[in-house]
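protein-v2.txt follows (compact mmCIF, C-alpha atoms and all ligand atoms):
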```txt
# COMPACT_ATOMS: atom_id res chain seq x y z
CA MET A 14 -28.52 26.92 -4.66
CA VAL A 15 -27.26 24.20 -7.00
CA THR A 16 -26.51 20.58 -6.08
CA SER A 17 -24.33 18.45 -8.37
CA SER A 18 -22.92 14.97 -7.93
CA ALA A 19 -20.09 12.99 -9.49
CA PRO A 20 -19.08 9.32 -9.21
CA GLY A 21 -16.03 7.60 -7.74
CA LYS A 22 -14.09 5.03 -9.74
CA VAL A 23 -12.29 1.70 -9.73
CA TYR A 24 -9.57 0.52 -12.07
CA LEU A 25 -10.91 -2.38 -14.10
CA PHE A 26 -7.35 -2.75 -15.43
CA GLY A 27 -4.03 -1.03 -15.76
CA GLU A 28 -3.05 0.93 -12.63
CA HIS A 29 0.71 1.39 -12.17
CA ALA A 30 1.47 0.37 -15.76
CA VAL A 31 -0.36 3.55 -16.85
CA VAL A 32 2.47 5.55 -15.26
CA TYR A 33 4.79 4.15 -17.99
CA GLY A 34 2.51 4.97 -20.91
CA GLU A 35 0.51 1.75 -21.01
CA PRO A 36 -3.28 2.09 -21.34
CA ALA A 37 -5.60 1.74 -18.33
CA VAL A 38 -9.36 1.39 -17.98
CA PRO A 39 -10.89 3.16 -14.97
CA CYS A 40 -14.65 2.80 -14.51
CA ALA A 41 -17.09 5.11 -12.74
CA ILE A 42 -19.06 3.44 -9.93
CA GLU A 43 -22.47 4.06 -8.42
CA ARG A 44 -21.05 5.77 -5.36
CA ARG A 45 -21.19 9.54 -5.53
CA ALA A 46 -19.97 12.70 -3.94
CA THR A 47 -22.65 15.38 -3.76
CA VAL A 48 -21.83 19.06 -3.46
CA THR A 49 -24.25 21.93 -2.89
CA ALA A 50 -23.08 25.47 -3.61
CA THR A 51 -25.02 28.57 -2.55
CA GLU A 52 -23.70 31.99 -3.39
CA ARG A 53 -23.15 34.27 -0.40
CA GLU A 54 -23.55 38.02 -0.14
CA ASP A 55 -19.90 38.36 0.90
CA ALA A 56 -16.72 36.81 -0.53
CA ALA A 57 -16.29 34.14 2.20
CA LEU A 58 -16.18 30.41 1.69
CA ARG A 59 -17.87 28.22 4.29
CA VAL A 60 -17.67 24.49 3.92
CA ARG A 61 -19.74 21.88 5.68
CA ALA A 62 -18.87 18.25 5.11
CA GLY A 63 -20.72 15.17 6.28
CA ASP A 64 -20.11 11.46 5.87
CA LEU A 65 -16.64 11.77 4.44
CA THR A 66 -15.82 8.18 5.24
CA LEU A 67 -17.98 5.22 4.69
CA ASP A 68 -19.08 4.57 8.21
CA GLY A 69 -20.22 7.95 8.99
CA PHE A 70 -18.75 10.21 11.52
CA THR A 71 -20.17 13.57 10.67
CA VAL A 72 -17.86 16.45 10.09
CA GLU A 73 -19.18 19.88 10.86
CA TYR A 74 -16.80 22.33 9.36
CA ASN A 75 -18.31 25.75 9.79
CA GLY A 76 -15.81 28.49 9.53
CA ASP A 77 -13.55 30.06 7.03
CA THR A 78 -10.91 27.89 5.51
CA SER A 79 -8.21 29.11 7.87
CA GLY A 80 -10.13 27.89 10.92
CA THR A 81 -9.61 24.55 12.59
CA PRO A 82 -12.59 22.27 12.38
CA ASP A 83 -13.62 20.70 15.66
CA VAL A 84 -14.08 17.14 14.56
CA ASP A 85 -13.05 13.66 15.46
CA VAL A 86 -11.46 12.70 12.19
CA ASP A 87 -8.04 12.10 10.80
CA GLN A 88 -6.77 15.67 10.46
CA PRO A 89 -4.60 15.22 7.35
CA LEU A 90 -7.51 13.60 5.50
CA LEU A 91 -9.81 16.45 6.47
CA GLU A 92 -7.30 19.13 5.54
CA ALA A 93 -6.73 17.42 2.21
CA ALA A 94 -10.47 17.32 1.53
CA MET A 95 -10.78 21.02 2.34
CA GLY A 96 -7.81 21.86 0.11
CA TYR A 97 -9.60 20.24 -2.81
CA VAL A 98 -12.80 22.20 -2.13
CA ASN A 99 -10.90 25.49 -1.91
CA GLU A 100 -9.16 24.96 -5.23
CA ALA A 101 -12.35 23.76 -6.93
CA ILE A 102 -14.08 26.98 -5.84
CA GLU A 103 -11.13 28.97 -7.22
CA GLN A 104 -11.65 27.24 -10.58
CA ALA A 105 -15.36 28.08 -10.52
CA ARG A 106 -14.61 31.74 -9.74
CA ASP A 107 -12.13 31.82 -12.60
CA ALA A 108 -14.49 30.10 -15.08
CA ALA A 109 -17.30 32.53 -14.27
CA ASP A 110 -14.95 35.51 -14.10
CA ARG A 111 -16.21 36.24 -10.58
CA PRO A 112 -13.02 36.25 -8.46
CA GLU A 113 -14.84 37.67 -5.43
CA ALA A 114 -17.76 35.25 -5.37
CA GLY A 115 -18.43 33.74 -1.92
CA PHE A 116 -20.11 30.40 -1.25
CA ASP A 117 -21.65 28.16 1.34
CA VAL A 118 -20.62 24.69 0.27
CA THR A 119 -21.93 21.38 1.59
CA VAL A 120 -20.12 18.16 0.74
CA ASP A 121 -21.60 14.71 1.23
CA SER A 122 -19.69 11.74 -0.03
CA ALA A 123 -20.45 8.04 0.00
CA ILE A 124 -16.93 7.30 -1.26
CA PRO A 125 -14.34 6.38 1.37
CA LEU A 126 -11.49 8.88 1.53
CA GLY A 127 -8.00 7.93 0.45
CA ALA A 128 -8.93 4.37 -0.50
CA GLY A 129 -8.26 4.49 -4.24
CA LEU A 130 -11.89 5.11 -5.20
CA GLY A 131 -11.36 8.61 -6.53
CA SER A 132 -13.13 10.42 -3.69
CA SER A 133 -11.21 13.68 -4.10
CA ALA A 134 -11.78 13.79 -7.86
CA ALA A 135 -15.51 13.24 -7.37
CA VAL A 136 -15.72 16.07 -4.81
CA VAL A 137 -13.73 18.40 -7.06
CA VAL A 138 -15.77 17.64 -10.20
CA ALA A 139 -19.11 18.05 -8.40
CA ALA A 140 -17.92 21.25 -6.67
CA ILE A 141 -16.78 22.89 -9.92
CA ASP A 142 -20.07 22.00 -11.61
CA ALA A 143 -22.29 23.18 -8.73
CA ALA A 144 -20.40 26.43 -8.09
CA THR A 145 -20.15 27.48 -11.75
CA ARG A 146 -23.86 26.77 -12.31
CA GLU A 147 -24.68 28.75 -9.18
CA LEU A 148 -22.90 31.68 -10.86
CA GLY A 149 -24.95 31.15 -14.01
CA VAL A 150 -22.27 29.42 -16.11
CA ALA A 151 -22.62 25.86 -17.45
CA LEU A 152 -19.26 24.40 -18.48
CA ASP A 153 -19.03 21.53 -20.94
CA ALA A 154 -17.71 18.21 -19.67
CA GLU A 155 -14.26 18.63 -21.24
CA GLU A 156 -13.73 21.91 -19.45
CA ILE A 157 -14.90 20.52 -16.10
CA ALA A 158 -12.48 17.58 -16.52
CA GLU A 159 -9.63 19.93 -17.42
CA ARG A 160 -10.27 22.29 -14.50
CA ALA A 161 -10.67 19.38 -12.08
CA TYR A 162 -7.34 17.98 -13.26
CA ARG A 163 -5.72 21.38 -12.58
CA VAL A 164 -7.11 21.28 -9.04
CA GLU A 165 -5.58 17.85 -8.41
CA LEU A 166 -2.26 19.00 -9.86
CA GLU A 167 -2.27 22.02 -7.57
CA VAL A 168 -3.27 20.19 -4.38
CA GLN A 169 -1.06 17.16 -5.08
CA ASN A 170 2.05 19.21 -5.88
CA GLY A 171 2.15 18.41 -9.57
CA GLU A 172 1.57 14.66 -9.08
CA ALA A 173 -1.74 13.76 -10.65
CA SER A 174 -2.96 11.67 -13.53
CA ARG A 175 -6.02 12.65 -15.53
CA ALA A 176 -7.67 9.28 -14.90
CA ASP A 177 -9.78 10.04 -11.81
CA THR A 178 -11.02 13.48 -12.81
CA PHE A 179 -11.77 12.47 -16.41
CA CYS A 180 -13.60 9.30 -15.33
CA SER A 181 -15.62 11.10 -12.68
CA THR A 182 -16.67 13.82 -15.13
CA MET A 183 -17.57 11.55 -18.04
CA GLY A 184 -18.88 8.46 -16.23
CA GLY A 185 -18.83 4.96 -17.72
CA ALA A 186 -15.67 3.09 -18.63
CA VAL A 187 -12.84 5.27 -19.89
CA ARG A 188 -9.51 4.60 -21.51
CA VAL A 189 -6.44 6.51 -20.45
CA GLU A 190 -3.14 6.38 -22.29
CA GLY A 191 -0.70 9.16 -21.52
CA GLU A 192 -2.54 12.45 -22.01
CA ASP A 193 -5.15 10.79 -24.19
CA CYS A 194 -8.41 10.13 -22.34
CA ARG A 195 -11.62 8.96 -23.93
CA ARG A 196 -14.86 7.29 -22.99
CA LEU A 197 -15.43 3.71 -24.15
CA GLU A 198 -18.85 3.33 -25.76
CA ASP A 199 -21.22 0.35 -25.73
CA VAL A 200 -19.82 -1.37 -22.68
CA PRO A 201 -22.00 -3.82 -20.75
CA ASN A 202 -23.18 -3.24 -17.20
CA LEU A 203 -20.37 -4.25 -14.87
CA PRO A 204 -21.61 -5.63 -11.55
CA PHE A 205 -18.80 -4.46 -9.30
CA VAL A 206 -18.45 -5.49 -5.69
CA ILE A 207 -15.93 -3.58 -3.61
CA GLY A 208 -14.13 -4.78 -0.50
CA TYR A 209 -12.51 -2.15 1.69
CA ASP A 210 -9.96 -2.97 4.40
CA GLY A 211 -10.45 0.38 6.13
CA GLY A 212 -6.93 1.51 5.29
CA SER A 213 -5.03 3.05 2.43
CA GLY A 214 -1.65 2.69 0.78
CA ASP A 215 1.01 5.34 0.27
CA THR A 216 0.63 5.99 -3.46
CA GLY A 217 3.95 7.84 -3.83
CA ALA A 218 5.94 5.07 -2.11
CA LEU A 219 4.16 2.33 -4.07
CA VAL A 220 4.72 4.07 -7.41
CA SER A 221 8.40 4.61 -6.65
CA GLY A 222 8.75 0.97 -5.52
CA VAL A 223 7.48 -0.19 -8.91
CA ARG A 224 9.80 2.30 -10.63
CA SER A 225 12.84 0.82 -8.83
CA LEU A 226 11.85 -2.77 -9.56
CA ARG A 227 11.28 -1.89 -13.19
CA SER A 228 14.72 -0.34 -13.59
CA GLU A 229 16.48 -3.12 -11.66
CA TYR A 230 14.88 -6.18 -13.24
CA ASP A 231 14.05 -6.77 -16.88
CA PHE A 232 11.33 -9.17 -15.81
CA ALA A 233 9.68 -6.40 -13.79
CA ALA A 234 9.74 -4.18 -16.90
CA ASP A 235 8.24 -7.13 -18.80
CA THR A 236 5.54 -7.42 -16.12
CA VAL A 237 4.58 -3.78 -16.65
CA ALA A 238 4.46 -4.35 -20.42
CA ALA A 239 2.39 -7.51 -19.84
CA ILE A 240 -0.17 -5.43 -17.94
CA GLY A 241 -0.41 -3.20 -21.04
CA ASP A 242 -1.06 -6.27 -23.23
CA LEU A 243 -3.67 -7.46 -20.77
CA VAL A 244 -5.45 -4.08 -20.86
CA ARG A 245 -5.65 -4.20 -24.66
CA ARG A 246 -7.20 -7.67 -24.42
CA GLY A 247 -9.53 -6.36 -21.72
CA GLU A 248 -10.76 -3.66 -24.07
CA ARG A 249 -11.67 -6.32 -26.60
CA ALA A 250 -13.46 -8.38 -23.92
CA LEU A 251 -15.39 -5.26 -22.89
CA ALA A 252 -16.45 -4.58 -26.46
CA ALA A 253 -17.54 -8.23 -26.81
CA GLU A 254 -19.42 -7.99 -23.48
CA ASP A 255 -17.54 -11.10 -22.34
CA LEU A 256 -17.74 -10.87 -18.54
CA ASP A 257 -16.11 -14.27 -17.99
CA GLU A 258 -13.02 -13.16 -19.91
CA LEU A 259 -13.01 -9.82 -18.06
CA GLY A 260 -12.99 -11.74 -14.78
CA ARG A 261 -10.08 -13.94 -15.87
CA LEU A 262 -8.14 -10.87 -16.93
CA MET A 263 -8.85 -9.16 -13.60
CA ASP A 264 -7.42 -12.20 -11.79
CA PHE A 265 -4.36 -12.07 -14.01
CA ASN A 266 -3.95 -8.33 -13.50
CA HIS A 267 -4.00 -8.83 -9.72
CA GLY A 268 -1.28 -11.47 -10.01
CA LEU A 269 0.92 -9.13 -12.04
CA LEU A 270 0.36 -6.28 -9.56
CA ALA A 271 1.24 -8.64 -6.68
CA ALA A 272 4.44 -9.57 -8.53
CA LEU A 273 5.27 -5.86 -8.61
CA GLY A 274 4.93 -5.76 -4.82
CA VAL A 275 1.86 -3.56 -4.50
CA SER A 276 -0.61 -6.00 -2.99
CA ALA A 277 -1.07 -6.59 0.75
CA ARG A 278 -2.24 -9.43 2.96
CA SER A 279 -5.65 -7.79 3.43
CA LEU A 280 -6.05 -7.23 -0.31
CA ASP A 281 -5.00 -10.80 -1.16
CA ALA A 282 -7.39 -12.17 1.48
CA MET A 283 -10.31 -10.20 0.01
CA VAL A 284 -9.38 -11.16 -3.57
CA TRP A 285 -9.30 -14.85 -2.62
CA ALA A 286 -12.55 -14.64 -0.65
CA ALA A 287 -14.23 -13.09 -3.71
CA ARG A 288 -12.86 -15.73 -6.06
CA GLU A 289 -13.82 -18.60 -3.76
CA ALA A 290 -17.33 -17.18 -3.54
CA SER A 291 -18.91 -16.45 -6.89
CA ALA A 292 -16.83 -13.65 -8.41
CA LYS A 293 -15.88 -13.90 -12.07
CA GLY A 294 -12.60 -12.24 -11.10
CA ALA A 295 -11.09 -9.92 -8.51
CA LYS A 296 -8.15 -7.56 -8.17
CA LEU A 297 -6.84 -4.73 -6.08
CA THR A 298 -7.79 -1.31 -7.40
CA GLY A 299 -5.64 1.82 -7.39
CA ALA A 300 -2.20 2.15 -5.88
CA GLY A 301 -2.51 -0.91 -3.60
CA GLY A 302 -0.74 -1.49 -0.29
CA GLY A 303 -4.17 -1.41 1.38
CA GLY A 304 -7.55 0.08 0.57
CA CYS A 305 -9.90 -1.62 -1.86
CA ILE A 306 -10.35 -4.59 -4.10
CA VAL A 307 -12.87 -4.81 -6.91
CA ALA A 308 -14.63 -8.01 -7.93
CA LEU A 309 -17.09 -8.76 -10.70
CA ASP A 310 -20.20 -10.58 -9.47
CA ASP A 311 -23.86 -10.15 -10.30
CA SER A 312 -24.97 -12.40 -7.42
CA THR A 313 -24.81 -11.63 -3.70
CA GLY A 314 -22.11 -14.27 -3.08
CA THR A 315 -19.03 -12.07 -3.12
CA GLU A 316 -20.51 -9.38 -0.91
CA THR A 317 -21.56 -11.97 1.67
CA ALA A 318 -18.16 -13.70 1.57
CA LEU A 319 -16.35 -10.39 2.01
CA ASP A 320 -18.56 -9.51 4.97
CA TYR A 321 -17.09 -12.57 6.73
CA THR A 322 -13.49 -12.05 5.61
CA PRO A 323 -11.11 -10.98 8.39
CA GLY A 324 -9.53 -7.71 7.39
CA CYS A 325 -12.47 -6.62 5.26
CA GLU A 326 -14.06 -3.69 7.03
CA ARG A 327 -16.85 -3.14 4.58
CA ALA A 328 -18.13 -4.65 1.36
CA PHE A 329 -20.60 -3.05 -0.98
CA ARG A 330 -22.01 -3.33 -4.45
CA ALA A 331 -21.40 -0.45 -6.84
CA ASP A 332 -22.30 -1.16 -10.46
CA LEU A 333 -20.71 0.69 -13.34
CA ASP A 334 -22.18 4.19 -13.40
CA THR A 335 -22.79 5.39 -16.93
CA ASP A 336 -23.53 8.92 -15.68
CA GLY A 337 -20.68 11.28 -14.94
CA VAL A 338 -21.19 14.64 -13.29
CA ARG A 339 -24.84 15.65 -13.12
CA VAL A 340 -27.08 18.27 -11.60
CA GLU A 341 -29.21 16.92 -8.76
CA ARG A 342 -31.06 20.11 -7.90
CA ALA A 343 -30.94 23.62 -9.33
O1 LIG B 401 -4.99 4.84 -5.79
P1 LIG B 401 -5.39 5.77 -6.90
O2 LIG B 401 -6.84 5.66 -7.28
O3 LIG B 401 -4.96 7.17 -6.66
O4 LIG B 401 -4.67 5.27 -8.20
C1 LIG B 401 -3.26 5.28 -8.36
C2 LIG B 401 -2.98 4.80 -9.73
C3 LIG B 401 -1.51 4.64 -10.07
O5 LIG B 401 -1.48 4.12 -11.38
C4 LIG B 401 -0.82 3.67 -9.13
C5 LIG B 401 -0.77 5.95 -10.02
C6 LIG B 401 -1.17 6.95 -11.08
O6 LIG B 401 -0.93 8.15 -10.86
O7 LIG B 401 -1.68 6.56 -12.15
```
For the structure just supplied, provide its representation as structure tokens.
Amino acid sequence: MVTSSAPGKVYLFGEHAVVYGEPAVPCAIERRATVTATEREDAALRVRAGDLTLDGFTVEYNGDTSGTPDVDVDQPLLEAAMGYVNEAIEQARDAADRPEAGFDVTVDSAIPLGAGLGSSAAVVVAAIDAATRELGVALDAEEIAERAYRVELEVQNGEASRADTFCSTMGGAVRVEGEDCRRLEDVPNLPFVIGYDGGSGDTGALVSGVRSLRSEYDFAADTVAAIGDLVRRGERALAAEDLDELGRLMDFNHGLLAALGVSARSLDAMVWAAREASAKGAKLTGAGGGGCIVALDDSTGTETALDYTPGCERAFRADLDTDGVRVERA
């Protein structure tokens, strides 16, 4: 039996613009998905998942992957989660050259599903690591990231960026520009506070909305390019450990994303509540339309303010996590 975990992520800067080749900086957060893999005598795969959303219904999914789980949870979300686990196990079988290996898999995640925090990537990365180790193979981080990316491509019908899987595997702050992903070294601790409206946006629709705006209006194309400039400045502020400047740039990034039509009333309300409390800066994170905001605040002010903000279902602190995928128990 091997247990591995991997972190979720927020975008410090650069979502949406990254689709057009601008750089982005996702950061791993101290909220993890934990996967335990135990090899079975037969070739079956049994998956048990608990706490797949933040507030904790428990999913008991005991059966082969063709069965229907008897749970009170949004079915598409559950099916999606199970699709990721299936494909991750396929990758582990392939990596260990054990196509017939069977597993009992347990998934526990403290990362809300479908809210832009990279929950699926974290589950996939942890599952590949746990299942390959259970078969006696330890993959290096690059290979885990590559295989996890292939899983997302497969499950998401060819629509996936490397950002989530790379960030979850490596931990810390990473820089993504096209196919080029690398970890940023010597970054300060980032005291993230996350506000979650309980919902999620439609990533495909939001991305295509930005694409239309960008082709229709030069100033929308300029806005996308301005986000790229802002990210490059953000990288310098990170290297200089200048949290005040990072906060200002986060505020600016949120404004540019709002101009591109991807914010929402709930996200704006949480961003303003954070700013009016003690945040150094705040912005939506991920595709937008609903889901999460991320603020920078090392005091308790933002979390408390978000707790009282209508539309904010849950607020929590999740500092930058410098660890990526790791073994919890072997
Ligand atoms: O909401 P998330 O975490 O899946 O992030 C989407 C990020 C986008 O830049 C909007 C799309 C993408 O594929 O990069």
All residues having an atom within 7 Å of ligand LIG 401 (chain B) (all atoms listed in the file) as a short mmCIF file (atom, residue, chain, number, x, y, z; two decimals) with C-alpha atoms, in the frame of the given file:
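New file part-v8.cif:
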```cif
data_model
loop_
_atom_site.label_atom_id
_atom_site.label_comp_id
_atom_site.auth_asym_id
_atom_site.auth_seq_id
_atom_site.Cartn_x
_atom_site.Cartn_y
_atom_site.Cartn_z
CA GLU A 28 -3.05 0.93 -12.63
CA HIS A 29 0.71 1.39 -12.17
CA ALA A 30 1.47 0.37 -15.76
CA VAL A 31 -0.36 3.55 -16.85
CA VAL A 32 2.47 5.55 -15.26
CA ALA A 128 -8.93 4.37 -0.50
CA GLY A 129 -8.26 4.49 -4.24
CA LEU A 130 -11.89 5.11 -5.20
CA GLY A 131 -11.36 8.61 -6.53
CA ALA A 173 -1.74 13.76 -10.65
CA SER A 174 -2.96 11.67 -13.53
CA ASP A 177 -9.78 10.04 -11.81
CA THR A 216 0.63 5.99 -3.46
CA VAL A 220 4.72 4.07 -7.41
CA THR A 298 -7.79 -1.31 -7.40
CA GLY A 299 -5.64 1.82 -7.39
CA ALA A 300 -2.20 2.15 -5.88
CA GLY A 301 -2.51 -0.91 -3.60
#
```
Closest pair table for stretch 208-243 of chain A residues within 9 Å of stretch 17-26 of chain A, only C-alpha atoms, as a Markdown table:
```
| residue | atom | partner | partner_atom | distance |
| --- | --- | --- | --- | --- |
| A:Ile240 | CA | A:Phe26 | CA | 8.1 |
| A:Gly241 | CA | A:Phe26 | CA | 8.9 |
| A:Leu243 | CA | A:Phe26 | CA | 8.0 |
```
Query raised in the report: Residues at most 10 Å from A:Ala101, counting only C-alpha atoms, excluding those fewer than 5 positions away in the same chain, as an MDAnalysis selection string?
Result: chainID A and resid 95:96 106:107 136:142 144:145 160:165
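For the pair atom CA of A:Leu297 and atom CA of A:Val200, the interatomic distance is 21.3 Å.
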Query raised in the report: Residues at most 8 Å from A:Leu273, counting all atoms listed in the file, excluding those fewer than 4 positions away in the same chain, as a ChimeraX atom specification?
Result: /A:223,226,233,236,269
Query raised in the report: Which is closest to A:Gly127 among A:Ala252, A:Ala154, A:Ala94, A:Val48, if we use all atoms listed in the file?
Result: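 Ranking A:Ala252, A:Ala154, A:Ala94, A:Val48 by distance to A:Gly127, first place goes to A:Ala94.
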Requested in this report: May I ask for the distance between atom CA of A:Phe179 and atom CA of A:Asn99, given in Å to one decimal place?
Outcome: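 We find that atom CA of A:Phe179 and atom CA of A:Asn99 lie 19.5 Å from each other.
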Query raised in the report: Between A:Gly184, A:Phe329, A:Leu148, A:Ala93, which one has atoms that come closest to A:Asp110, using only C-alpha atoms?
Result: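 Closest candidate: A:Leu148.
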Requested in this report: Would you kindly return, as an MDAnalysis selection string, each protein, DNA or RNA residue with an atom no farther than 8 Å from any atom of A:Gly247, considering only C-alpha atoms and excluding same-chain residues fewer than 6 positions away?
Outcome: chainID A and resid 26 258:259 262
Return as AutoDock Vina command-line options the box centre and box size in Å, one decimal, for an axis-aligned box around all listed atoms of stretch 173-192 of chain A padded by 5 Å per side.
```
--center_x -9.8 --center_y 8.5 --center_z -16.5 --size_x 28.2 --size_y 20.7 --size_z 21.6
```
